[in-house]
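Input: a single structure, listed below in structure tokens.
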Amino acid sequence: MSADLHSAKRRSLLRAGGLSVAFVMMATPKAAVAMMSAHRQPGDAAAAAADGAPAFAPNAFVRIDTSGAIRLVMPMVEMGQSIYTGSSMLLAEELDVGLDQIQIEHAPPNEELYGMKLLRGQITGGSTSTRSTFAELRQAGAVARALLVSAAASQWKVAPDTCEVERGVITHRPSGRSLRYAQVAAAAGKLPDPGDVKLKQPSDFRLIGKPMARLDSSDKVLGLTKFGIDVSVPGMRIATVKACPTRGGTLVRVDDRKTRAVHGVIDVLRIDNAVAVVAQHFWAAKRGMELLDITWNHGINANLNTKQLRAGLADSQANGKAIVGREVGSKPQGDLVQATYQMPMLAHATMEPLNATVHVTPERCEIWAGTQVPTRAVAAAAKLTGLPVDKVILHPQYLGGGFGRRLETDYIEQAVAFAKLAPYPLKIIWTREEDIRHDIVRPMYHDVISAVVDAQGKPVWFGDRICSGTVLGRWAPAAMRKDGLDRDAVESAADLPYAVPNLKVEWVRHDMPPGLVVGWWRGVGALHNLFVVESFFDELAHRAKADPVAWRKALLRHNPRSTAVLDLAAARMGWGTPLPPRVGRGVALGEPFGSKVCAMVEVEVSPQGDVRLRRAVVAVDCGVPVNTGSIEAQVQGGLLFGLSAALYNEVTIEHGAVQQSNFNDYRMIRMNETPNVEVHIVHSSEAPGGIGEVGTAIAAPALANAIFAATGVRLRELPIRREQLAQKGGAA
């Protein structure tokens, strides 16, 4: 694919799926506008010098040392999504080296060199990593290759186009001469930027589109990968923390006499709303924390509960001022169908609990942490310490899961606040209980969704009045639409894949009480809206006594890509073949994050209401597939993550505190409950779409629709309640 073709297709993608990236557009300062480029930038020389002054550094991403090492400086962080492997494939493809020849290193915090153009910041999130860098990293490899080949050709006094490259060896076949990249690296580094470079055609790809093994798998299996929780620095002490359980509460008093008697405990530190117990090792810190006698001021949220939150949300939905997200045509007279849907708050529950290691001195602040927002973390630490930004040094670490939680910097800010009180490097580790009870939760939602249907039961008007809090309004308020719309709140509702001639999608902002902060959760707005829209469209299909797949297909007559994934999933599932009693299949279709996806789930529901997942099939068109192995893994993992949330997960509040604490009461799907998940990838020449959140976003409606097919029970609220499904009739 040519660079021009890619750019045109990317513009088309942004028009079609721009809502999927709007939620992370940050308002960057004028002096820090993101400038990621495959070509030389003003800050490249300083970055290369700080990176060991390699012989060849043609841009911010490529480093070739005289030893022969080829390094990729990764602008994104790795949190299990396999972006390090996919990005290495993009670079290696155009650089004409093997994937095994690429070494990966974390990029330092630097908006100018590593800011994502789609996100306008150095941010990993929103399923944008491949979309943001598909062209740039390929161009970075092609620029480097052009310079290296030119250096060799100049040495041989031949035309560059008479040279070939294989695994980093440049060969001039007419004369039989060859040179390794390392041998011409220094000379290539002195050449001027080549300007526009030609990228490979898809027919010439050797790596892109293949199922490649992850570069980090072996180290993870062997326990060699260092996550934030594994950091060890000289003189370090370890602490665990406890913050006021009531959101917005503060610390009053601590009796630490019993704690200080615990062998290994070193100190007890206090900040305005939390306590840290410092010890020689984690278990001494944890034991000491259990013995603290703490008095809290529970503050204004002392009597807050989930029932009140839901009532407030419902009242705002009914009576609040709505902002129109999108309106087409007008609402005709006719048969009106209406339903109310609700979704709960959710915790992230990443495998690696939150942690950060910090050393604060009068001259500098050094941080070791996994974060999705390195420059934000540095800015927050600089503000807390009063140090200049260039005196805050962040050492990025692998993330043991992100899911949006590490788009926040609260855990790093807390660690910095405690580290300011200690003369030694301090590693703060949250317990699982602290991690869940003090999560920055996914918002609650309350929708009234409706349609006017014609005589055949097809919608001629679609309406959705959504009410929720806003993450964007807090996280990046400048990215809100000028009229106050949070575009993430209406994604996958305002931009339906179906041909509905008239629609009105609106949003009512309902801010949570002070102290109860909401944040991004894997799937973001699409997760909520796909559950509501695809469940409701399934209602319309059954109301029309139509097959749900055929009914959807009739509404996709001008949408060939979504029709293709629907047909593919139906064929692979064997849609329409007979099933036993209380077994059902459900379908859900969507276009989240610039991709097209169809999920089908087959379930069995016992007379007691237990749901058994029998099988799942997902067809996905994510544009040009980079690593098909990673795509399959991401869709499988994402689907199971979404199914787990739909089956079991919610965060509830009582007396201002989160009631859930660990996997016993915020449980995950277990190995014996996991169905076989088939993933079928459509090979496409379209610009890449996102993939990391697609499976999660489409899971819940496919499951709920399958349960309806098995039991006749329409689920309009999550998580699924076993008692709702018990002793119901057969298939609908």
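Naming scheme: A, B, ... for chains in displayed order of the structure tokens; residues 1 onward per chain; ligands 1 onward as shown.
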(request) Would you kindly return, as a ChimeraX atom specification, each protein, DNA or RNA residue with an atom no farther than 9 Å from any atom of Lys242 (chain A), considering only C-alpha atoms and excluding same-chain residues fewer than 4 positions away? (result) /A:273-277,289,430-431,434
Quick one: write out the picked residues with C-alpha atoms as a short mmCIF file (atom, residue, chain, number, x, y, z; two decimals), in the first residue's frame?
```cif
data_model
loop_
_atom_site.label_atom_id
_atom_site.label_comp_id
_atom_site.auth_asym_id
_atom_site.auth_seq_id
_atom_site.Cartn_x
_atom_site.Cartn_y
_atom_site.Cartn_z
CA ASN A 273 -6.13 10.72 53.23
CA ALA A 274 -3.90 7.65 53.56
CA VAL A 275 -1.35 5.77 55.66
CA ALA A 276 1.69 3.78 54.51
CA VAL A 277 3.49 1.11 56.50
CA MET A 289 -1.06 -2.40 58.22
CA TRP A 430 -1.37 -1.66 46.77
CA THR A 431 -2.98 -4.84 48.04
CA GLU A 434 -6.87 -1.54 48.08
#
```
(request) Would you list, as a PyMOL selection string, the residues of region 566-688 of chain A that end up in alpha helix (DSSP H) under DSSP run on this structure's backbone? (result) chain A and resi 566-573+628-648
Written file, previous selection with N, CA and C atoms, as a PDB file, in the first residue's frame:
```pdb
ATOM      1  N   LEU A 566     -20.747 -10.526   9.381  1.00  0.00           N
ATOM      2  CA  LEU A 566     -21.980 -11.188   9.824  1.00  0.00           C
ATOM      3  C   LEU A 566     -22.145 -12.532   9.128  1.00  0.00           C
ATOM      4  N   ASP A 567     -21.943 -12.563   7.817  1.00  0.00           N
ATOM      5  CA  ASP A 567     -22.063 -13.815   7.071  1.00  0.00           C
ATOM      6  C   ASP A 567     -21.007 -14.833   7.502  1.00  0.00           C
ATOM      7  N   LEU A 568     -19.797 -14.360   7.709  1.00  0.00           N
ATOM      8  CA  LEU A 568     -18.708 -15.258   8.090  1.00  0.00           C
ATOM      9  C   LEU A 568     -18.968 -15.884   9.458  1.00  0.00           C
ATOM     10  N   ALA A 569     -19.369 -15.064  10.421  1.00  0.00           N
ATOM     11  CA  ALA A 569     -19.645 -15.598  11.754  1.00  0.00           C
ATOM     12  C   ALA A 569     -20.807 -16.583  11.728  1.00  0.00           C
ATOM     13  N   ALA A 570     -21.853 -16.258  10.973  1.00  0.00           N
ATOM     14  CA  ALA A 570     -23.015 -17.153  10.894  1.00  0.00           C
ATOM     15  C   ALA A 570     -22.642 -18.492  10.282  1.00  0.00           C
ATOM     16  N   ALA A 571     -21.818 -18.466   9.240  1.00  0.00           N
ATOM     17  CA  ALA A 571     -21.400 -19.713   8.597  1.00  0.00           C
ATOM     18  C   ALA A 571     -20.567 -20.563   9.542  1.00  0.00           C
ATOM     19  N   ARG A 572     -19.625 -19.920  10.251  1.00  0.00           N
ATOM     20  CA  ARG A 572     -18.744 -20.674  11.154  1.00  0.00           C
ATOM     21  C   ARG A 572     -19.486 -21.172  12.385  1.00  0.00           C
ATOM     22  N   MET A 573     -20.484 -20.429  12.846  1.00  0.00           N
ATOM     23  CA  MET A 573     -21.267 -20.867  13.998  1.00  0.00           C
ATOM     24  C   MET A 573     -22.253 -21.965  13.631  1.00  0.00           C
ATOM     25  N   THR A 628      -1.574 -11.720  12.784  1.00  0.00           N
ATOM     26  CA  THR A 628      -2.843 -12.431  12.925  1.00  0.00           C
ATOM     27  C   THR A 628      -2.889 -13.252  14.210  1.00  0.00           C
ATOM     28  N   GLY A 629      -1.732 -13.710  14.685  1.00  0.00           N
ATOM     29  CA  GLY A 629      -1.701 -14.442  15.945  1.00  0.00           C
ATOM     30  C   GLY A 629      -2.107 -13.556  17.109  1.00  0.00           C
ATOM     31  N   SER A 630      -1.602 -12.340  17.129  1.00  0.00           N
ATOM     32  CA  SER A 630      -1.961 -11.403  18.190  1.00  0.00           C
ATOM     33  C   SER A 630      -3.412 -10.954  18.080  1.00  0.00           C
ATOM     34  N   ILE A 631      -3.897 -10.778  16.877  1.00  0.00           N
ATOM     35  CA  ILE A 631      -5.302 -10.406  16.692  1.00  0.00           C
ATOM     36  C   ILE A 631      -6.206 -11.483  17.287  1.00  0.00           C
ATOM     37  N   GLU A 632      -5.905 -12.725  16.964  1.00  0.00           N
ATOM     38  CA  GLU A 632      -6.702 -13.827  17.507  1.00  0.00           C
ATOM     39  C   GLU A 632      -6.657 -13.829  19.031  1.00  0.00           C
ATOM     40  N   ALA A 633      -5.466 -13.668  19.598  1.00  0.00           N
ATOM     41  CA  ALA A 633      -5.330 -13.677  21.058  1.00  0.00           C
ATOM     42  C   ALA A 633      -6.054 -12.508  21.702  1.00  0.00           C
ATOM     43  N   GLN A 634      -5.950 -11.321  21.093  1.00  0.00           N
ATOM     44  CA  GLN A 634      -6.600 -10.151  21.651  1.00  0.00           C
ATOM     45  C   GLN A 634      -8.123 -10.281  21.612  1.00  0.00           C
ATOM     46  N   VAL A 635      -8.652 -10.806  20.524  1.00  0.00           N
ATOM     47  CA  VAL A 635     -10.100 -10.973  20.436  1.00  0.00           C
ATOM     48  C   VAL A 635     -10.573 -12.028  21.433  1.00  0.00           C
ATOM     49  N   GLN A 636      -9.836 -13.125  21.540  1.00  0.00           N
ATOM     50  CA  GLN A 636     -10.208 -14.160  22.509  1.00  0.00           C
ATOM     51  C   GLN A 636     -10.180 -13.610  23.928  1.00  0.00           C
ATOM     52  N   GLY A 637      -9.058 -12.984  24.297  1.00  0.00           N
ATOM     53  CA  GLY A 637      -8.942 -12.447  25.646  1.00  0.00           C
ATOM     54  C   GLY A 637      -9.944 -11.342  25.918  1.00  0.00           C
ATOM     55  N   GLY A 638     -10.141 -10.464  24.932  1.00  0.00           N
ATOM     56  CA  GLY A 638     -11.096  -9.382  25.109  1.00  0.00           C
ATOM     57  C   GLY A 638     -12.513  -9.885  25.278  1.00  0.00           C
ATOM     58  N   LEU A 639     -12.895 -10.896  24.492  1.00  0.00           N
ATOM     59  CA  LEU A 639     -14.241 -11.462  24.595  1.00  0.00           C
ATOM     60  C   LEU A 639     -14.451 -12.062  25.978  1.00  0.00           C
ATOM     61  N   LEU A 640     -13.469 -12.823  26.470  1.00  0.00           N
ATOM     62  CA  LEU A 640     -13.607 -13.434  27.792  1.00  0.00           C
ATOM     63  C   LEU A 640     -13.663 -12.369  28.883  1.00  0.00           C
ATOM     64  N   PHE A 641     -12.910 -11.286  28.722  1.00  0.00           N
ATOM     65  CA  PHE A 641     -12.945 -10.178  29.668  1.00  0.00           C
ATOM     66  C   PHE A 641     -14.346  -9.567  29.707  1.00  0.00           C
ATOM     67  N   GLY A 642     -14.940  -9.368  28.525  1.00  0.00           N
ATOM     68  CA  GLY A 642     -16.277  -8.807  28.454  1.00  0.00           C
ATOM     69  C   GLY A 642     -17.345  -9.752  28.962  1.00  0.00           C
ATOM     70  N   LEU A 643     -17.197 -11.047  28.665  1.00  0.00           N
ATOM     71  CA  LEU A 643     -18.154 -12.032  29.168  1.00  0.00           C
ATOM     72  C   LEU A 643     -18.090 -12.119  30.685  1.00  0.00           C
ATOM     73  N   SER A 644     -16.882 -12.056  31.214  1.00  0.00           N
ATOM     74  CA  SER A 644     -16.699 -12.097  32.665  1.00  0.00           C
ATOM     75  C   SER A 644     -17.418 -10.932  33.337  1.00  0.00           C
ATOM     76  N   ALA A 645     -17.245  -9.740  32.770  1.00  0.00           N
ATOM     77  CA  ALA A 645     -17.905  -8.562  33.332  1.00  0.00           C
ATOM     78  C   ALA A 645     -19.423  -8.692  33.262  1.00  0.00           C
ATOM     79  N   ALA A 646     -19.928  -9.174  32.126  1.00  0.00           N
ATOM     80  CA  ALA A 646     -21.370  -9.293  31.964  1.00  0.00           C
ATOM     81  C   ALA A 646     -21.969 -10.324  32.922  1.00  0.00           C
ATOM     82  N   LEU A 647     -21.239 -11.377  33.172  1.00  0.00           N
ATOM     83  CA  LEU A 647     -21.739 -12.444  34.042  1.00  0.00           C
ATOM     84  C   LEU A 647     -21.642 -12.087  35.525  1.00  0.00           C
ATOM     85  N   TYR A 648     -20.576 -11.404  35.924  1.00  0.00           N
ATOM     86  CA  TYR A 648     -20.274 -11.337  37.350  1.00  0.00           C
ATOM     87  C   TYR A 648     -19.984  -9.948  37.928  1.00  0.00           C
TER      88      TYR A 648
END
```
(message) Excluding region 244-254 of chain A and its own-chain neighbours fewer than 5 positions away, which residues fall within 6 Å of it when counting only C-alpha atoms? Please give them as a list in words.
(response)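 The filter keeps Asp272, Asn273, Asp293, Ile294, Thr295, Trp296, Asn297, His298, Gly299, Gly515, Leu516, Gly656 and Ala657 of chain A.
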(message) Give me, as number ranges by chain, all polymer residues having an atom no more than 8 Å from Ala382 (chain A), counting only C-alpha atoms and skipping those fewer than 6 positions away in the same chain.
(response) A: 365, 388-389, 391-392
